[in-house]
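Okay, so here's the structure we're looking at.
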Amino acid sequence: MDRLDDLAAFVAIIEKGSQTAAARDLRRSLQSINRSLTALERGVGIALINRTTRQSTPTEAGLAFYRRIKPALIEISDAKREAADKRAEPSGLLRVGAPVLFAPAFLAPVVCDFLERYPAVEVELKVSDRQVDLLAQGLDLAVRIREMPDSTLKARHIGELRVVIFGAPAYFARHGRPGHPDDLENHHCVLHAADDPDIEKWPFRVAGKHKSVRVRGRFRTDSAAAAHVAVARGLGLGRAPLWQIRRLVDDGVVEVVLENFEITKIPIHAVWPSTKIPLAKTKLFTDVLAARLKSADF
């Protein structure tokens with residue numbers, strides 16, 4: 001058995017929790033997985049896995065060994081795929097991460113077009129609003145909607161979007177429409193936590209300068225969808241990317257206000273680990289996504 005296969009078996013045992021599950025995942029026999037683990041432990045001269053009849057857990061040395069070799073195995077796998085990409089059309093599995101609401105609205109249609117264009121490619125789309133570790137999650141690419149701070153990630157700017165203040169006609173009928181950000185002091189607001197630690201401050205541009213306005217409200221949530229429902233029901237004013245509420249605006253359910261005071265558009269980036277060389281299919285998918293976002297109405 002090739003030493004890389006031994007390492008792959010070891011990683012699979014750690015991640016799947018047992019030799020049986022690892023064998024199933026790698027489509028190898030249980031005896032083959034056991035031989036790989038035995039050969040690997042003999043080679044490094046120490047026990048890497050604590051074995052029971054139903055479960056396999058790493059020893060302290062095994063866990064440290066796993067953390068060191070997992071990135072290396074990803075790099076080797078990527079190098080093999082990159083070499084294959086240069087001699088054939090894009091193929092293999094592409095793992096993409098995206099925010100929860102953005103994924104069905106924009107990523108899913110792009111994925112469908114991409115798969116139709118490149119029939120030898122498979123895509124696994126993982127959605128989360130958390131800033132996950134791309135290497136730990138095995139992602140080739142992720143979409144981030146924010147300014148990119150200094151990080152270990154490589155990034156490509158692929159679009160930008162408006163963030164707007166909006167409310168329901170019924171709310172405006174009861175409380176009036178704000179004409180200036182300072183008017184929000186007298187309004188109820190629906191507070192969406194998202195990733196902002198200070199959700200009671202909304203940013204605006206007033207006379208060409210950035211200004212944060214403190215807002216208040218009786219309802220706060222970490223769910224964008226729930227916040228949109230509350231605003232549509234007239235509970236208060238909301239703040240969200242325009243694309244998230246486009247259908248509500250088009251249907252007249254909510255109306256955008258304070259447009260002259262909107263902050264600079266928020267950038268959308270495609271990011272990937274700096275330690276990984278983007279594969280041909282990763283670059284192609286990013287190109288397709290960037291073209292789609294360029295034509296979108298944000």
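By order in the structure tokens, chains are A, B, ...; within a chain, residues start at 1; ligands start at 1, following the order shown.
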Taking 2 positions as the minimum chain separation for residues in the same chain, which residues sit within 8 Å of A:Val163 when counting only C-alpha atoms? Answer as a short mmCIF file (atom, residue, chain, number, x, y, z; two decimals) with N, CA and C atoms, in the first residue's frame.
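Generated file (selection.cif):
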```cif
data_model
loop_
_atom_site.label_atom_id
_atom_site.label_comp_id
_atom_site.auth_asym_id
_atom_site.auth_seq_id
_atom_site.Cartn_x
_atom_site.Cartn_y
_atom_site.Cartn_z
N LEU A 161 -22.46 45.46 -2.76
CA LEU A 161 -23.91 45.56 -2.57
C LEU A 161 -24.28 46.73 -1.67
N ILE A 165 -31.98 51.00 4.69
CA ILE A 165 -32.93 51.08 5.80
C ILE A 165 -34.32 50.95 5.18
N ARG A 239 -32.55 47.13 8.84
CA ARG A 239 -31.35 47.43 8.06
C ARG A 239 -30.84 46.12 7.48
N ALA A 240 -30.65 46.09 6.15
CA ALA A 240 -30.24 44.84 5.51
C ALA A 240 -29.68 45.12 4.13
N PRO A 241 -28.90 44.20 3.57
CA PRO A 241 -28.49 44.31 2.18
C PRO A 241 -29.74 44.32 1.29
N LEU A 242 -29.73 45.16 0.27
CA LEU A 242 -30.90 45.30 -0.59
C LEU A 242 -31.30 43.99 -1.24
N GLU A 262 -26.91 56.50 2.67
CA GLU A 262 -26.38 55.14 2.71
C GLU A 262 -24.86 55.14 2.75
N ILE A 263 -24.31 54.17 3.46
CA ILE A 263 -22.86 54.01 3.52
C ILE A 263 -22.34 53.48 2.18
N LYS A 265 -20.96 51.05 -0.53
CA LYS A 265 -21.36 49.67 -0.76
C LYS A 265 -20.35 48.69 -0.15
N ILE A 266 -20.90 47.57 0.34
CA ILE A 266 -20.07 46.55 0.98
C ILE A 266 -19.51 45.59 -0.08
#
```
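Look at A:Val288: the protein and nucleic acid residues within 8 Å of it, using only C-alpha atoms and passing over chain neighbours fewer than 3 places away, are A:Val110, A:Phe114, A:Leu284, A:Phe285, A:Ala291, A:Arg292.
Excluding A:Pro181 and any residue on its chain fewer than 3 positions from it, the residues at most 10 Å away by only C-alpha atoms are Ile165, Pro178, Leu184, Glu185, Trp202, Pro203, Phe204, Arg205, Val206, Lys211, Ser212, Val213, Arg214, Val215, Val257, Leu258, Asn260, Phe261 and Glu262 of chain A.
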Output for the residues just chosen: N, CA, C and O atoms as a compact mmCIF listing (two decimals), in the first residue's frame:
```txt
# COMPACT_ATOMS: atom_id res chain seq x y z
N ILE A 165 -31.98 51.00 4.69
CA ILE A 165 -32.93 51.08 5.80
C ILE A 165 -34.32 50.95 5.18
O ILE A 165 -34.62 51.59 4.17
N PRO A 178 -38.65 58.62 8.48
CA PRO A 178 -37.48 59.40 8.87
C PRO A 178 -36.88 60.10 7.64
O PRO A 178 -36.77 59.51 6.57
N LEU A 184 -33.96 58.68 13.68
CA LEU A 184 -34.13 57.30 14.17
C LEU A 184 -34.24 57.24 15.68
O LEU A 184 -34.70 56.23 16.23
N GLU A 185 -33.84 58.30 16.35
CA GLU A 185 -33.98 58.36 17.80
C GLU A 185 -35.44 58.20 18.23
O GLU A 185 -35.74 57.70 19.32
N TRP A 202 -26.12 52.05 13.89
CA TRP A 202 -26.25 51.91 12.45
C TRP A 202 -25.39 52.98 11.77
O TRP A 202 -25.48 54.17 12.13
N PRO A 203 -24.58 52.60 10.78
CA PRO A 203 -23.68 53.56 10.12
C PRO A 203 -24.36 54.27 8.95
O PRO A 203 -25.16 53.69 8.22
N PHE A 204 -24.01 55.54 8.78
CA PHE A 204 -24.51 56.35 7.67
C PHE A 204 -23.40 57.27 7.16
O PHE A 204 -22.34 57.39 7.80
N ARG A 205 -23.67 57.90 6.02
CA ARG A 205 -22.80 58.97 5.54
C ARG A 205 -23.61 60.25 5.57
O ARG A 205 -24.62 60.39 4.88
N VAL A 206 -23.15 61.19 6.39
CA VAL A 206 -23.83 62.47 6.56
C VAL A 206 -22.84 63.58 6.20
O VAL A 206 -21.76 63.66 6.80
N LYS A 211 -20.99 58.47 10.06
CA LYS A 211 -21.65 58.76 11.33
C LYS A 211 -22.40 57.53 11.81
O LYS A 211 -23.16 56.93 11.05
N SER A 212 -22.21 57.19 13.07
CA SER A 212 -22.94 56.09 13.67
C SER A 212 -24.09 56.64 14.49
O SER A 212 -23.90 57.55 15.29
N VAL A 213 -25.28 56.09 14.26
CA VAL A 213 -26.48 56.55 14.96
C VAL A 213 -26.99 55.42 15.85
O VAL A 213 -27.17 54.29 15.38
N ARG A 214 -27.19 55.73 17.12
CA ARG A 214 -27.69 54.70 18.04
C ARG A 214 -29.19 54.52 17.84
O ARG A 214 -29.94 55.49 17.78
N VAL A 215 -29.62 53.26 17.72
CA VAL A 215 -31.02 52.94 17.51
C VAL A 215 -31.49 52.05 18.65
O VAL A 215 -30.69 51.49 19.41
N VAL A 257 -35.90 53.78 2.83
CA VAL A 257 -35.83 55.18 3.26
C VAL A 257 -34.36 55.56 3.50
O VAL A 257 -33.48 54.70 3.50
N LEU A 258 -34.13 56.85 3.67
CA LEU A 258 -32.80 57.40 3.97
C LEU A 258 -31.76 57.00 2.91
O LEU A 258 -30.58 56.79 3.22
N ASN A 260 -30.30 58.76 0.67
CA ASN A 260 -29.23 59.74 0.48
C ASN A 260 -28.14 59.65 1.54
O ASN A 260 -27.13 60.37 1.45
N PHE A 261 -28.35 58.79 2.53
CA PHE A 261 -27.39 58.69 3.62
C PHE A 261 -26.76 57.30 3.71
O PHE A 261 -26.12 56.97 4.72
N GLU A 262 -26.91 56.50 2.67
CA GLU A 262 -26.38 55.14 2.71
C GLU A 262 -24.86 55.14 2.75
O GLU A 262 -24.20 55.98 2.15
```
